>>> print(open('input-v6.cif').read())   # mmCIF, C-alpha atoms and all ligand atoms
data_protein
loop_
_atom_site.label_atom_id
_atom_site.label_comp_id
_atom_site.auth_asym_id
_atom_site.auth_seq_id
_atom_site.Cartn_x
_atom_site.Cartn_y
_atom_site.Cartn_z
CA MET R 711 91.08 96.39 115.73
CA ILE R 712 90.71 94.59 112.46
CA ALA R 713 87.13 95.18 111.29
CA GLN R 714 84.69 92.27 110.87
CA GLU R 715 84.21 93.17 107.20
CA ASP R 716 87.98 92.90 106.66
CA ILE R 717 88.02 89.49 108.35
CA ARG R 718 85.25 88.33 106.00
CA LYS R 719 87.42 89.46 103.08
CA PHE R 720 90.46 87.72 104.55
CA GLU R 721 88.59 84.39 104.44
CA THR R 722 88.65 84.62 100.65
CA PHE R 723 92.36 85.51 100.34
CA SER R 724 95.06 82.88 100.04
CA THR R 725 97.34 82.71 103.05
CA PRO R 726 99.89 83.70 104.14
CA PHE R 727 99.43 87.29 103.01
CA TYR R 728 100.22 90.89 103.82
CA TYR R 729 97.29 93.25 104.05
CA TYR R 730 97.87 96.99 103.77
CA ASP R 731 95.43 99.50 105.15
CA LEU R 732 96.10 102.34 102.73
CA SER R 733 93.75 104.67 104.52
CA LEU R 734 95.83 104.35 107.73
CA LEU R 735 98.96 104.91 105.62
CA ARG R 736 97.45 108.15 104.28
CA LYS R 737 96.40 109.30 107.75
CA THR R 738 99.93 108.65 109.00
CA LEU R 739 101.40 110.60 106.10
CA ASP R 740 98.98 113.49 106.77
CA VAL R 741 100.16 113.72 110.38
CA LEU R 742 103.83 113.44 109.40
CA LYS R 743 103.49 116.06 106.69
CA LYS R 744 101.82 118.51 109.04
CA ALA R 745 104.52 117.99 111.67
CA VAL R 746 107.45 118.56 109.29
CA ASP R 747 105.87 121.27 107.15
CA LYS R 748 105.55 123.42 110.25
CA TYR R 749 109.32 123.95 110.18
CA GLY R 750 110.01 123.32 106.49
CA TYR R 751 111.80 120.02 107.25
CA ASN R 752 112.25 117.44 104.48
CA VAL R 753 111.42 113.72 104.66
CA HIS R 754 113.05 111.04 102.52
CA TYR R 755 111.06 107.85 103.11
CA ALA R 756 113.40 104.93 103.91
CA VAL R 757 112.51 102.55 101.08
CA LYS R 758 114.18 99.63 102.87
CA ALA R 759 111.24 99.47 105.29
CA ASN R 760 108.78 98.56 102.55
CA ALA R 761 109.36 98.82 98.81
CA ASN R 762 105.94 97.57 97.73
CA PRO R 763 105.15 99.68 94.62
CA ARG R 764 101.63 100.66 95.78
CA ILE R 765 103.02 101.82 99.11
CA LEU R 766 105.79 103.75 97.36
CA GLN R 767 103.27 105.43 95.05
CA VAL R 768 101.10 106.58 97.95
CA ILE R 769 104.12 107.97 99.82
CA SER R 770 105.63 109.69 96.79
CA SER R 771 102.27 111.38 96.09
CA TYR R 772 102.82 113.40 99.29
CA GLY R 773 105.87 115.05 97.76
CA PHE R 774 108.34 113.29 100.04
CA GLY R 775 111.76 112.15 98.87
CA ALA R 776 113.30 108.67 99.17
CA ASP R 777 116.20 107.27 101.17
CA CYS R 778 117.72 104.34 99.27
CA VAL R 779 120.43 101.83 100.10
CA SER R 780 120.93 100.01 96.81
CA GLY R 781 120.95 100.77 93.12
CA ASN R 782 117.70 98.85 92.74
CA GLU R 783 116.05 100.93 95.46
CA VAL R 784 117.15 104.11 93.68
CA SER R 785 115.64 102.90 90.39
CA LYS R 786 112.45 101.57 92.02
CA ALA R 787 111.86 104.79 94.00
CA ILE R 788 112.17 106.89 90.85
CA GLU R 789 109.89 104.49 88.93
CA CYS R 790 107.29 104.86 91.70
CA GLY R 791 107.16 108.63 91.53
CA PHE R 792 109.89 109.95 93.82
CA PRO R 793 111.76 112.73 92.02
CA ALA R 794 115.48 111.93 91.58
CA SER R 795 116.15 115.40 92.96
CA LYS R 796 114.83 114.16 96.34
CA VAL R 797 116.62 110.79 96.42
CA VAL R 798 119.43 110.18 98.89
CA PHE R 799 121.64 107.12 98.54
CA ALA R 800 123.21 105.65 101.69
CA GLY R 801 125.03 102.47 102.67
CA VAL R 802 128.52 101.42 103.73
CA GLY R 803 129.14 99.36 100.60
CA LYS R 804 127.98 101.05 97.42
CA SER R 805 129.18 99.14 94.37
CA ASP R 806 130.54 100.87 91.26
CA PRO R 807 127.45 100.04 89.13
CA GLU R 808 125.23 101.39 91.90
CA ILE R 809 127.21 104.64 92.02
CA ILE R 810 127.01 104.95 88.22
CA ASN R 811 123.25 104.35 88.31
CA ALA R 812 122.74 107.05 90.96
CA LEU R 813 124.91 109.53 89.05
CA ASN R 814 122.99 108.79 85.86
CA HIS R 815 119.79 109.68 87.70
CA ASP R 816 121.35 112.91 89.08
CA ILE R 817 120.15 112.09 92.59
CA PHE R 818 120.05 114.72 95.34
CA CYS R 819 122.87 113.34 97.48
CA PHE R 820 125.12 110.41 98.35
CA ASN R 821 125.48 109.75 102.08
CA CYS R 822 129.13 108.68 102.30
CA GLU R 823 130.74 106.64 105.02
CA SER R 824 134.49 106.42 104.31
CA ILE R 825 137.40 108.22 102.67
CA GLN R 826 137.82 105.47 100.12
CA GLU R 827 134.16 105.66 99.16
CA LEU R 828 134.56 109.42 98.57
CA GLU R 829 137.57 108.80 96.36
CA VAL R 830 135.76 106.15 94.33
CA ILE R 831 132.68 108.34 93.82
CA ASN R 832 134.97 111.23 92.84
CA GLU R 833 136.74 109.07 90.28
CA ILE R 834 133.56 107.62 88.76
CA ALA R 835 131.87 111.04 88.65
CA GLY R 836 134.97 112.46 86.94
CA LYS R 837 134.84 109.77 84.24
CA MET R 838 131.14 110.51 83.69
CA GLY R 839 131.67 114.27 83.57
CA LYS R 840 129.42 114.72 86.61
CA THR R 841 129.64 116.27 90.04
CA ALA R 842 128.37 114.15 92.93
CA ASN R 843 126.59 115.85 95.81
CA VAL R 844 127.76 114.28 99.04
CA ALA R 845 126.82 114.32 102.72
CA LEU R 846 129.19 112.74 105.21
CA ARG R 847 127.67 110.21 107.59
CA LEU R 848 128.96 110.88 111.03
CA ASN R 849 128.96 108.33 113.79
CA PRO R 850 127.78 110.44 116.74
CA GLY R 851 128.62 107.83 119.42
CA ILE R 852 125.11 107.92 120.87
CA ASP R 853 123.33 104.95 122.40
CA ALA R 854 119.77 104.93 121.07
CA HIS R 855 118.82 102.30 123.69
CA THR R 856 117.06 100.12 121.17
CA ASN R 857 117.40 96.45 120.19
CA LYS R 858 121.15 95.80 119.87
CA CYS R 859 120.64 94.45 116.33
CA ILE R 860 119.42 97.84 115.10
CA ASN R 861 121.44 100.25 117.27
CA THR R 862 123.78 101.98 114.83
CA GLY R 863 125.10 105.18 116.40
CA LEU R 864 127.66 103.66 118.79
CA ALA R 865 131.37 104.16 118.25
CA ASP R 866 132.02 100.45 117.49
CA SER R 867 129.39 100.21 114.76
CA LYS R 868 130.44 99.76 111.13
CA PHE R 869 128.40 102.80 110.17
CA GLY R 870 129.57 106.33 109.65
CA ILE R 871 132.79 108.24 110.06
CA ASP R 872 134.37 108.59 113.50
CA PHE R 873 133.30 111.88 115.07
CA ASN R 874 136.92 112.78 115.86
CA LYS R 875 138.14 112.14 112.31
CA MET R 876 135.47 114.27 110.71
CA GLU R 877 137.50 117.44 110.20
CA GLU R 878 140.19 115.45 108.40
CA VAL R 879 137.59 113.81 106.15
CA VAL R 880 135.94 117.15 105.40
CA LYS R 881 139.32 118.53 104.25
CA ILE R 882 139.78 115.54 101.95
CA ALA R 883 136.24 115.85 100.55
CA LEU R 884 136.74 119.56 99.87
CA GLY R 885 139.83 118.71 97.84
CA LEU R 886 138.05 116.27 95.52
CA LYS R 887 137.04 118.12 92.41
CA ASN R 888 134.10 115.99 91.29
CA ILE R 889 132.52 116.01 94.74
CA LYS R 890 130.38 118.77 96.11
CA LEU R 891 130.24 118.56 99.88
CA LYS R 892 126.66 119.42 100.82
CA GLY R 893 125.98 118.19 104.29
CA LEU R 894 126.16 116.05 107.37
CA HIS R 895 124.24 112.82 107.79
CA PHE R 896 123.44 110.84 110.93
CA HIS R 897 121.33 107.81 111.81
CA ILE R 898 121.41 106.53 115.36
CA GLY R 899 119.24 103.43 115.12
CA SER R 900 115.74 102.19 114.68
CA GLN R 901 112.60 101.63 116.79
CA ILE R 902 113.46 104.55 119.07
CA LEU R 903 110.58 105.53 121.34
CA ASP R 904 112.31 108.07 123.55
CA PRO R 905 113.05 111.57 122.17
CA GLU R 906 116.16 111.89 124.39
CA PRO R 907 118.65 110.25 121.94
CA TYR R 908 117.45 112.74 119.32
CA ARG R 909 118.14 115.63 121.70
CA LEU R 910 121.69 114.29 122.14
CA LEU R 911 121.99 113.88 118.39
CA CYS R 912 121.05 117.55 117.88
CA LEU R 913 123.77 118.55 120.32
CA ARG R 914 126.32 116.46 118.40
CA SER R 915 125.24 118.08 115.16
CA ASN R 916 125.55 121.56 116.73
CA GLU R 917 129.00 120.63 118.04
CA MET R 918 130.15 119.48 114.63
CA GLN R 919 128.76 122.58 112.97
CA GLU R 920 130.83 124.71 115.32
CA LYS R 921 133.98 122.75 114.54
CA LEU R 922 133.32 123.13 110.83
CA ALA R 923 132.58 126.84 111.19
CA LYS R 924 136.07 127.23 112.71
CA MET R 925 137.43 125.69 109.50
CA GLY R 926 135.36 128.18 107.51
CA VAL R 927 133.00 125.44 106.32
CA GLU R 928 129.23 125.78 106.36
CA LEU R 929 127.14 122.99 104.89
CA PRO R 930 123.58 123.54 103.70
CA GLU R 931 122.08 120.09 104.46
CA ILE R 932 121.66 118.39 107.84
CA ASN R 933 120.17 114.91 107.65
CA LEU R 934 119.26 113.34 110.98
CA GLY R 935 118.24 109.94 109.54
CA GLY R 936 115.29 107.87 110.67
CA GLY R 937 114.49 105.75 113.68
CA ILE R 938 111.18 106.87 115.22
CA GLY R 939 109.52 103.75 116.59
CA VAL R 940 105.99 102.38 116.59
CA ASP R 941 103.87 100.74 119.29
CA TYR R 942 104.12 97.00 118.61
CA TYR R 943 102.21 96.23 121.82
CA LYS R 944 99.18 98.48 121.33
CA PRO R 945 98.68 98.97 117.60
CA ASP R 946 95.00 99.87 118.01
CA GLU R 947 95.57 102.50 120.71
CA ASN R 948 98.57 104.05 118.91
CA PRO R 949 98.14 103.54 115.18
CA ILE R 950 100.06 106.74 114.33
CA PRO R 951 103.42 107.64 115.92
CA ASP R 952 103.63 110.87 117.85
CA PHE R 953 105.67 112.70 115.21
CA ASP R 954 104.95 116.08 116.82
CA THR R 955 106.85 115.30 120.03
CA PHE R 956 109.98 114.25 118.11
CA ILE R 957 109.86 117.11 115.66
CA GLU R 958 109.28 119.69 118.40
CA SER R 959 112.23 118.29 120.36
CA ILE R 960 114.42 118.58 117.28
CA HIS R 961 113.22 122.07 116.56
CA SER R 962 114.09 123.22 120.05
CA ASN R 963 117.55 121.58 120.16
CA LEU R 964 118.99 121.73 116.66
CA VAL R 965 120.88 124.79 115.49
CA VAL R 966 119.79 125.54 111.93
CA LYS R 967 121.60 128.40 110.27
CA PRO R 968 120.00 130.59 107.60
CA GLY R 969 119.93 128.72 104.30
CA GLN R 970 120.29 125.32 105.94
CA HIS R 971 117.77 122.52 105.33
CA VAL R 972 116.89 119.72 107.72
CA HIS R 973 116.18 116.20 106.46
CA PHE R 974 114.83 112.96 107.93
CA GLU R 975 114.71 109.38 106.69
CA PHE R 976 111.73 107.77 108.41
CA GLY R 977 110.78 104.23 107.43
CA ARG R 978 109.14 102.17 110.16
CA ALA R 979 107.15 105.07 111.59
CA VAL R 980 105.54 105.65 108.19
CA VAL R 981 104.55 102.11 107.23
CA GLY R 982 104.78 99.93 110.36
CA GLN R 983 101.18 100.04 111.51
CA CYS R 984 99.46 99.92 108.12
CA GLY R 985 100.55 96.33 107.44
CA THR R 986 99.27 93.08 108.92
CA MET R 987 100.49 89.62 108.07
CA VAL R 988 97.74 87.01 108.10
CA SER R 989 98.33 83.29 108.32
CA ARG R 990 96.12 80.22 108.63
CA VAL R 991 96.51 77.65 111.36
CA LEU R 992 97.48 74.30 109.86
CA TYR R 993 97.71 72.10 112.94
CA ILE R 994 97.41 72.19 116.69
CA LYS R 995 99.90 69.95 118.47
CA PRO R 996 99.45 69.69 122.24
CA ALA R 997 102.72 69.29 124.17
CA SER R 998 103.47 68.88 127.86
CA GLN R 999 103.96 72.60 128.59
CA THR R 1000 102.11 74.25 125.74
CA ASN R 1001 100.07 73.85 122.59
CA PHE R 1002 101.88 74.39 119.33
CA ALA R 1003 99.83 76.35 116.84
CA ILE R 1004 101.55 75.52 113.56
CA VAL R 1005 100.70 78.17 110.99
CA ASP R 1006 101.27 78.41 107.25
CA ALA R 1007 103.57 81.46 107.56
CA GLY R 1008 107.17 81.05 108.62
CA PHE R 1009 110.18 83.25 109.10
CA THR R 1010 110.38 83.34 105.33
CA ASP R 1011 107.28 85.57 105.49
CA LEU R 1012 108.03 87.59 108.63
CA ILE R 1013 111.59 87.22 109.88
CA ARG R 1014 111.69 89.85 112.65
CA PRO R 1015 110.86 87.53 115.58
CA ALA R 1016 113.43 84.91 114.48
CA LEU R 1017 116.13 87.41 113.55
CA TYR R 1018 115.88 90.01 116.29
CA GLY R 1019 113.60 88.42 118.90
CA SER R 1020 111.08 91.11 117.97
CA TYR R 1021 107.52 91.14 119.17
CA HIS R 1022 104.46 91.22 116.92
CA LYS R 1023 101.05 91.14 118.52
CA ILE R 1024 99.24 87.98 117.41
CA GLU R 1025 95.44 87.84 117.32
CA ASN R 1026 93.09 85.02 116.41
CA LEU R 1027 90.67 86.68 114.00
CA THR R 1028 88.17 83.86 113.62
CA SER R 1029 87.90 81.86 116.83
CA GLN R 1030 84.46 82.05 118.41
CA SER R 1031 85.64 80.40 121.62
CA SER R 1032 85.42 82.13 124.99
CA GLU R 1033 88.04 79.79 126.44
CA THR R 1034 91.65 81.06 126.49
CA LEU R 1035 94.62 78.73 126.16
CA SER R 1036 98.40 79.08 125.98
CA TYR R 1037 100.11 78.64 122.59
CA ASP R 1038 103.53 78.66 120.99
CA VAL R 1039 102.87 80.03 117.51
CA VAL R 1040 105.35 78.44 115.10
CA GLY R 1041 105.91 78.19 111.36
CA PRO R 1042 106.48 75.22 109.07
CA ILE R 1043 110.17 75.87 108.30
CA CYS R 1044 112.71 73.21 109.20
CA GLU R 1045 114.59 75.36 111.71
CA SER R 1046 114.01 75.61 115.43
CA THR R 1047 114.08 79.43 115.34
CA ASP R 1048 110.92 79.44 113.22
CA VAL R 1049 108.88 80.63 116.19
CA PHE R 1050 106.73 83.75 116.24
CA ASP R 1051 105.96 83.79 119.95
CA LYS R 1052 105.85 81.46 122.92
CA GLY R 1053 103.31 80.93 125.68
CA ILE R 1054 100.86 83.53 124.43
CA LYS R 1055 97.21 83.49 125.40
CA LEU R 1056 94.77 83.08 122.56
CA PRO R 1057 91.13 82.05 122.44
CA GLU R 1058 90.93 78.31 121.74
CA THR R 1059 92.57 77.98 118.35
CA LYS R 1060 91.75 75.36 115.74
CA ARG R 1061 92.94 74.22 112.32
CA GLY R 1062 91.70 76.73 109.74
CA ASP R 1063 91.64 79.75 112.05
CA LEU R 1064 93.19 82.99 110.78
CA LEU R 1065 95.89 84.63 112.88
CA ALA R 1066 96.89 88.27 112.42
CA PHE R 1067 100.47 89.40 113.06
CA ARG R 1068 100.09 93.09 113.68
CA THR R 1069 102.42 96.01 112.93
CA ALA R 1070 104.05 94.12 110.07
CA GLY R 1071 104.15 96.95 107.52
CA ALA R 1072 107.83 97.74 108.10
CA TYR R 1073 110.62 95.23 107.47
CA GLY R 1074 108.01 92.52 106.88
CA GLU R 1075 107.14 91.78 103.25
CA ILE R 1076 110.43 93.30 102.07
CA MET R 1077 112.49 90.87 104.17
CA ALA R 1078 110.61 87.79 102.95
CA SER R 1079 112.69 85.01 101.39
CA GLN R 1080 112.18 81.81 99.49
CA TYR R 1081 114.10 79.50 101.82
CA ASN R 1082 112.71 75.95 101.63
CA LEU R 1083 111.57 77.00 98.13
CA ARG R 1084 108.53 78.59 99.65
CA LYS R 1085 106.36 81.01 97.72
CA LEU R 1086 106.65 84.68 98.65
CA PRO R 1087 103.62 85.89 100.64
CA ASN R 1088 100.58 87.25 98.79
CA VAL R 1089 99.65 90.91 99.10
CA TYR R 1090 96.22 92.56 99.33
CA TYR R 1091 95.18 96.16 99.86
CA SER R 1092 92.29 97.79 101.67
CA ASP R 1093 91.03 99.34 98.43
CA ASN R 1094 90.87 95.90 96.73
CA GLN R 1095 93.07 96.96 93.82
N1 LIG V 1 118.36 105.83 107.49
C1 LIG V 1 119.34 104.92 107.60
C2 LIG V 1 120.71 105.32 107.27
C3 LIG V 1 119.05 103.62 108.05
O1 LIG V 1 120.04 102.73 108.17
C4 LIG V 1 117.71 103.28 108.38
C5 LIG V 1 117.37 101.94 108.84
C6 LIG V 1 116.72 104.26 108.23
C7 LIG V 1 117.07 105.53 107.79
C8 LIG V 1 115.27 103.99 108.54
O2 LIG V 1 115.09 103.70 109.87
P1 LIG V 1 113.61 103.60 110.50
O3 LIG V 1 112.99 104.99 110.42
O4 LIG V 1 112.85 102.63 109.68
O5 LIG V 1 113.83 103.17 111.87
N2 LIG V 1 115.14 95.36 109.82
C9 LIG V 1 115.18 96.01 111.13
C10 LIG V 1 115.42 97.51 111.02
C11 LIG V 1 116.68 97.86 110.30
C12 LIG V 1 116.88 99.34 110.13
C13 LIG V 1 118.00 99.61 109.20
N3 LIG V 1 118.23 101.00 108.93
C14 LIG V 1 113.87 95.70 111.85
O6 LIG V 1 113.08 94.95 111.34
O7 LIG V 1 113.68 96.15 112.97
#
>>> encode(input="input-v6.cif", output="structure tokens")
Amino acid sequence: MIAQEDIRKFETFSTPFYYYDLSLLRKTLDVLKKAVDKYGYNVHYAVKANANPRILQVISSYGFGADCVSGNEVSKAIECGFPASKVVFAGVGKSDPEIINALNHDIFCFNCESIQELEVINEIAGKMGKTANVALRLNPGIDAHTNKCINTGLADSKFGIDFNKMEEVVKIALGLKNIKLKGLHFHIGSQILDPEPYRLLCLRSNEMQEKLAKMGVELPEINLGGGIGVDYYKPDENPIPDFDTFIESIHSNLVVKPGQHVHFEFGRAVVGQCGTMVSRVLYIKPASQTNFAIVDAGFTDLIRPALYGSYHKIENLTSQSSETLSYDVVGPICESTDVFDKGIKLPETKRGDLLAFRTAGAYGEIMASQYNLRKLPNVYYSDNQ
């Protein structure tokens, strides 16, 4: 529940804006840290979920590493306190300048996705007189049963190296003299609420380790990626993901040999619930089937509903009415997909009311755009700084 004192503050902020509850972020990080420290697992926060500098500073202060997918993310993470020695750099299409930037920072590891990428990194590292640490991203062929737009572990996805070609790729990587093969990397998708796909992932990792052992290869790093989901429907009942259940399931299914380290790349689960997008109602337009509540935020501010059909709980923070009506909540952008939700029940809503779009901390502010030459959303924090 958003507290009355926060709503009073919101009245003075200019809409649309993102509001970050940094105390919830810290509580989430406390729970995560306790869950992973129990087994000495490592977390690299997935910067793509939210690269707001204040958020990055809070997360880096916990000693976590960063998972980056662009040269700019690598630089920003390091600027915001993540040690380069805990930065991993992933992505199917790393450009040469991005590779050079990461090598200049001496990052912990590149997560590589193709033979050609390995060859290019080897060549660039050679020219720079460096050795690149590399983990190979394996496509485990697992269905994470999540939204099809963010399901990445299936065999037809562009991500990762085919499970059956892995031994061949390992041989090639071992032959490249400016590459140090350090580990295996996986990521099966995002917004995963069921621990079962992770159990299957552990079995795939164990299987691959056995194959590699037969080749005489043992790799010290196993990175299982991110993907733990959050409760978009009940943010107040479940503000912090149940990290323990996932971590326990991994601990009981993953074979970890002496000297091996386990890594994760959680994004959404860390920042999802601490962010709320707040927008003001501009107009109410009654229609035959519904009432349009036209708000001052559009998909330029929060694109998830328009892009993936994702759900964000919408609450009217200021209506005093006890009457409930049905609304289609829509933005001002000149596109018919600029719709946040349809036919939802809200207390009678009027021009000037404030609507909260909950669970917007992950893939919200960071995916904002300036289409229609709109301003980027404002940002406020619970500690008023
Ligand atoms: N590691 C890799 C290699 C990834 O591709 C991703 C997310 C993560 C870690 C972090 O996943 P998370 O723990 O946040 O689930 N924009 C979409 C989500 C895209 C996820 C992309 N990759 C959304 O709004 O739902």
>>> closest_atom_pairs(input="input-v6.cif", of="chain R", to="ligand LIG 1 (chain V)", cutoff="6 Å", atoms="all atoms listed in the file", output="CSV")
residue,atom,partner,partner_atom,distance
R:Ala756,CA,V:LIG1,C8,5.1
R:Ala759,CA,V:LIG1,O4,5.6
R:Ile860,CA,V:LIG1,C11,5.5
R:His897,CA,V:LIG1,C2,5.2
R:Ser900,CA,V:LIG1,O5,3.5
R:Gln901,CA,V:LIG1,O5,5.3
R:Gly935,CA,V:LIG1,N1,4.6
R:Gly936,CA,V:LIG1,O3,3.7
R:Gly937,CA,V:LIG1,O5,3.2
R:Ile938,CA,V:LIG1,O3,5.5
R:Glu975,CA,V:LIG1,C7,4.6
R:Phe976,CA,V:LIG1,O3,3.7
R:Gly977,CA,V:LIG1,O4,3.5
R:Arg978,CA,V:LIG1,O4,3.8
R:Ala979,CA,V:LIG1,O3,6.0
R:Arg1014,CA,V:LIG1,O6,5.4
R:Tyr1073,CA,V:LIG1,O6,4.6
>>> write_last_selection(input="input-v6.cif", atoms="C-alpha atoms", output="PDB file, in the coordinates of the input")
ATOM      1  CA  ALA R 756     113.400 104.930 103.910  1.00  0.00           C
ATOM      2  CA  ALA R 759     111.240  99.470 105.290  1.00  0.00           C
ATOM      3  CA  ILE R 860     119.420  97.840 115.100  1.00  0.00           C
ATOM      4  CA  HIS R 897     121.330 107.810 111.810  1.00  0.00           C
ATOM      5  CA  SER R 900     115.740 102.190 114.680  1.00  0.00           C
ATOM      6  CA  GLN R 901     112.600 101.630 116.790  1.00  0.00           C
ATOM      7  CA  GLY R 935     118.240 109.940 109.540  1.00  0.00           C
ATOM      8  CA  GLY R 936     115.290 107.870 110.670  1.00  0.00           C
ATOM      9  CA  GLY R 937     114.490 105.750 113.680  1.00  0.00           C
ATOM     10  CA  ILE R 938     111.180 106.870 115.220  1.00  0.00           C
ATOM     11  CA  GLU R 975     114.710 109.380 106.690  1.00  0.00           C
ATOM     12  CA  PHE R 976     111.730 107.770 108.410  1.00  0.00           C
ATOM     13  CA  GLY R 977     110.780 104.230 107.430  1.00  0.00           C
ATOM     14  CA  ARG R 978     109.140 102.170 110.160  1.00  0.00           C
ATOM     15  CA  ALA R 979     107.150 105.070 111.590  1.00  0.00           C
ATOM     16  CA  ARG R1014     111.690  89.850 112.650  1.00  0.00           C
ATOM     17  CA  TYR R1073     110.620  95.230 107.470  1.00  0.00           C
TER      18      TYR R1073
END
>>> closest_residue(input="input-v6.cif", among="R:Arg1061, R:Arg990, R:His1022, R:Lys743", to="Ser724 in chain R", atoms="all atoms listed in the file")
R:Arg990
>>> residues_near_point(input="input-v6.cif", point="(135.5, 117.0, 103.3)", cutoff="10 Å", atoms="only C-alpha atoms", output="PyMOL selection string")
chain R and resi 825+828+844-846+876-886+889-893+922+927
>>> closest_residue(input="input-v6.cif", among="R:Val802, R:Gly1041, R:Ile809, R:Lys796", to="Asn782 in chain R", atoms="all atoms listed in the file")
R:Ile809
>>> residues_near_point(input="input-v6.cif", point="(89.1, 85.0, 110.4)", cutoff="9 Å", atoms="all atoms listed in the file", output="compact mmCIF listing (two decimals) with C-alpha atoms, keeping the file's coordinate frame")
# COMPACT_ATOMS: atom_id res chain seq x y z
CA GLN R 714 84.69 92.27 110.87
CA ASP R 716 87.98 92.90 106.66
CA ILE R 717 88.02 89.49 108.35
CA ARG R 718 85.25 88.33 106.00
CA LYS R 719 87.42 89.46 103.08
CA PHE R 720 90.46 87.72 104.55
CA GLU R 721 88.59 84.39 104.44
CA ARG R 990 96.12 80.22 108.63
CA ASN R 1026 93.09 85.02 116.41
CA LEU R 1027 90.67 86.68 114.00
CA THR R 1028 88.17 83.86 113.62
CA SER R 1029 87.90 81.86 116.83
CA GLY R 1062 91.70 76.73 109.74
CA ASP R 1063 91.64 79.75 112.05
CA LEU R 1064 93.19 82.99 110.78
CA LEU R 1065 95.89 84.63 112.88
CA ALA R 1066 96.89 88.27 112.42
>>> atom_distance(input="input-v6.cif", atom1="CA of Ser1031 in chain R", atom2="CA of Thr722 in chain R")
21.6 Å
>>> atom_distance(input="input-v6.cif", atom1="CA of Asn1082 in chain R", atom2="CA of Pro726 in chain R")
15.2 Å
>>> residues_around(input="input-v6.cif", residues="Ile810 in chain R", least_positions_apart="4", cutoff="9 Å", atoms="all atoms listed in the file", output="ChimeraX atom specification")
/R:781,805-806,814-815,831,834-835,838
